[in-house]
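Below: the structure, in structure tokens.
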Amino acid sequence: MNLKNSSKEPSSGHEREDEWSEVTRGERYIIRTTSEEANGAYSVLEVVANPRNGVPMHVHDNEEEHFIILEGKALIANGDSRAEAGAGSSVTIGRGVPHAWCNPSEDAPLRMLVLFTPGGLAELFRRNAGTEPADMITLADKFGTRITGPALFDDLHTISSPRP
């Protein structure tokens, strides 16, 4: 059975994503479930991050974010706490809570599913692929996502400090 083609087509006419995109060099994603497919309830991205890639502290005003670690390890800041999450772990970040994540490894990729509830934030990822960091930050703000602090480590590759 070919699972990729077994899901029903989105009712809104949006094409299913079938190519990986990059937020920053070393952080690839693909939209696995669109908000349209889930009647607005959620959207799902699969993310693969190279070692030492991550995101700065940020807040989602409208969504909760759920991480399911498939391979590797993630270091996740959730408000004032930090925890390392390995394969098989999940972490939920509440709406309005400052958070960040990174792949702290020196040599292993991180692969995870990221769910946003309610859906809709996947549109931000569709629009920001290939844009300049300053443009991504401006676009994110339009979707209720605000950068609130630095990355978890100084030497991480993020939208503010991308790989060369």
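Ordering of the structure tokens sets the chain letters (A, B, ...); residue numbers start at 1 within each chain; ligands are numbered from 1 in the order shown.
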
Neighbouring residues of segment 74-76 of chain A were defined as those with any atom within 9 Å, considering only C-alpha atoms; residues of the same chain fewer than 2 positions away were excluded. Please report them as a ChimeraX atom specification. /A:69,72,78,81-87,91,99-105,110-112,152

Using DSSP assignments from the backbone, pull out every residue in segment 33-125 of chain A that falls under alpha helix (DSSP H) and give it to me as a list of chain:residue names.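 Here are the alpha helix (DSSP H) residues of segment 33-125 of chain A: A:Ala122, A:Glu123, A:Leu124, A:Phe125.
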
Residues of chain A in strand (DSSP E or B) according to DSSP, as a PyMOL selection string? chain A and resi 21-24+27-33+43-49+53-54+58-60+64-71+73-78+81-86+90-93+99-102+110-117+145-147+157

Grab the residues selected above and save them as a compact mmCIF listing (two decimals), in the first residue's frame with C-alpha atoms.
```txt
# COMPACT_ATOMS: atom_id res chain seq x y z
CA SER A 21 11.94 23.24 1.81
CA GLU A 22 14.44 25.05 4.04
CA VAL A 23 13.80 27.65 6.70
CA THR A 24 17.55 28.11 7.07
CA GLU A 27 16.84 22.84 8.67
CA ARG A 28 14.49 21.17 6.20
CA TYR A 29 10.76 20.67 6.49
CA ILE A 30 7.83 19.24 4.60
CA ILE A 31 4.16 19.88 5.35
CA ARG A 32 2.63 16.46 6.10
CA THR A 33 -0.92 17.58 6.95
CA SER A 43 -1.32 21.10 10.79
CA VAL A 44 1.74 18.82 10.83
CA LEU A 45 5.28 19.42 9.60
CA GLU A 46 8.15 16.97 9.51
CA VAL A 47 11.42 18.71 10.34
CA VAL A 48 14.98 17.46 9.88
CA ALA A 49 17.65 19.60 11.51
CA ASN A 53 20.68 23.93 14.04
CA GLY A 54 17.79 25.43 15.98
CA HIS A 58 9.81 32.78 20.25
CA VAL A 59 6.11 32.81 21.09
CA HIS A 60 3.07 31.68 19.13
CA GLU A 64 0.05 25.33 20.79
CA GLU A 65 3.08 23.50 19.41
CA HIS A 66 3.64 19.76 19.89
CA PHE A 67 6.99 18.09 19.18
CA ILE A 68 7.27 14.34 18.59
CA ILE A 69 10.90 13.27 18.33
CA LEU A 70 11.41 10.54 15.74
CA GLU A 71 15.23 10.35 15.57
CA LYS A 73 17.69 14.40 20.35
CA ALA A 74 16.22 17.86 20.75
CA LEU A 75 16.93 20.36 23.47
CA ILE A 76 13.68 22.22 24.07
CA ALA A 77 13.15 25.33 26.18
CA ASN A 78 9.58 25.62 27.48
CA SER A 81 12.69 25.12 31.85
CA ARG A 82 14.89 23.15 29.46
CA ALA A 83 14.75 19.45 28.71
CA GLU A 84 16.43 17.07 26.33
CA ALA A 85 13.94 14.92 24.41
CA GLY A 86 15.06 11.76 22.64
CA SER A 90 6.97 14.34 22.96
CA VAL A 91 6.77 17.86 24.34
CA THR A 92 3.84 20.29 24.24
CA ILE A 93 4.31 24.06 24.36
CA HIS A 99 10.13 28.48 23.73
CA ALA A 100 12.97 27.35 21.48
CA TRP A 101 14.45 24.11 20.24
CA CYS A 102 17.74 22.94 18.80
CA LEU A 110 17.26 15.49 14.52
CA ARG A 111 14.00 14.36 12.89
CA MET A 112 10.68 15.30 14.43
CA LEU A 113 7.03 15.91 13.73
CA VAL A 114 5.77 19.33 14.74
CA LEU A 115 2.02 19.78 15.19
CA PHE A 116 0.36 23.16 15.50
CA THR A 117 -3.11 23.37 17.05
CA THR A 145 4.83 34.38 15.94
CA ARG A 146 7.29 36.71 17.62
CA ILE A 147 11.01 36.30 18.30
CA HIS A 157 22.61 28.07 13.25
```

Shortest interatomic distance to Arg95 of chain A - which of A:Val55, A:Asp155, A:Ala41, A:Asn62, counting only C-alpha atoms: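 The answer is A:Asn62, which sits nearest to Arg95 of chain A.
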
Write out as a VMD selection string the residues lying within 9 Å of Glu106 of chain A, counting only C-alpha atoms and excluding same-chain residues fewer than 3 positions away. chain A and resid 50 to 52 103 109

Just N, CA, C and O atoms for this one: save the residues we selected as a compact mmCIF listing (two decimals), in the first residue's frame.
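File again.txt, as written:
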```
# COMPACT_ATOMS: atom_id res chain seq x y z
N ASN A 50 19.98 19.57 10.96
CA ASN A 50 21.38 19.15 11.07
C ASN A 50 21.89 19.45 12.48
O ASN A 50 21.31 20.28 13.20
N PRO A 51 23.00 18.83 12.86
CA PRO A 51 23.60 19.16 14.15
C PRO A 51 23.85 20.67 14.27
O PRO A 51 24.22 21.33 13.31
N ARG A 52 23.56 21.18 15.49
CA ARG A 52 23.79 22.58 15.84
C ARG A 52 22.85 23.55 15.10
O ARG A 52 23.16 24.72 15.00
N ASN A 103 19.01 21.17 17.82
CA ASN A 103 19.67 19.88 17.77
C ASN A 103 21.04 20.10 18.41
O ASN A 103 21.92 20.68 17.79
N PRO A 109 21.66 13.99 12.98
CA PRO A 109 20.51 14.82 12.67
C PRO A 109 19.37 14.60 13.67
O PRO A 109 19.33 13.58 14.36
```

Surrounding residues of Glu132 of chain A excluding itself and chain neighbours under 3 positions, 12 Å, only C-alpha atoms, as a compact mmCIF listing (two decimals) with N, CA and C atoms, in the first residue's frame:
```
# COMPACT_ATOMS: atom_id res chain seq x y z
N GLU A 22 13.55 24.65 2.95
CA GLU A 22 14.44 25.05 4.04
C GLU A 22 13.97 26.35 4.67
N VAL A 23 13.98 26.39 5.99
CA VAL A 23 13.80 27.65 6.70
C VAL A 23 15.15 28.36 6.69
N THR A 24 16.16 27.67 7.18
CA THR A 24 17.55 28.11 7.07
C THR A 24 18.36 26.91 6.62
N ARG A 25 19.54 27.15 6.09
CA ARG A 25 20.39 26.05 5.63
C ARG A 25 20.62 25.09 6.79
N ARG A 127 5.11 30.25 2.90
CA ARG A 127 5.49 31.57 2.40
C ARG A 127 6.93 31.94 2.67
N ASN A 128 7.54 31.40 3.74
CA ASN A 128 8.87 31.88 4.09
C ASN A 128 10.01 31.08 3.47
N ALA A 129 9.73 30.00 2.78
CA ALA A 129 10.81 29.21 2.18
C ALA A 129 11.65 30.08 1.25
N ASP A 135 13.07 39.24 6.46
CA ASP A 135 11.74 39.07 5.88
C ASP A 135 10.97 37.98 6.59
N MET A 136 11.66 36.90 7.00
CA MET A 136 10.99 35.81 7.72
C MET A 136 10.47 36.29 9.06
N ILE A 137 11.26 37.11 9.75
CA ILE A 137 10.84 37.62 11.06
C ILE A 137 9.62 38.51 10.90
N THR A 138 9.60 39.35 9.89
CA THR A 138 8.44 40.21 9.63
C THR A 138 7.22 39.38 9.27
N LEU A 139 7.41 38.38 8.41
CA LEU A 139 6.31 37.51 8.01
C LEU A 139 5.77 36.73 9.21
N THR A 158 20.64 29.51 13.13
CA THR A 158 19.22 29.87 13.21
C THR A 158 18.91 30.87 12.11
N ILE A 159 17.67 31.38 12.08
CA ILE A 159 17.35 32.42 11.10
C ILE A 159 18.17 33.68 11.34
N SER A 160 18.61 33.89 12.58
CA SER A 160 19.42 35.06 12.89
C SER A 160 20.90 34.85 12.64
N SER A 161 21.34 33.58 12.61
CA SER A 161 22.75 33.27 12.37
C SER A 161 22.85 32.02 11.49
N PRO A 162 22.45 32.12 10.22
CA PRO A 162 22.41 30.94 9.35
C PRO A 162 23.80 30.41 9.01
```
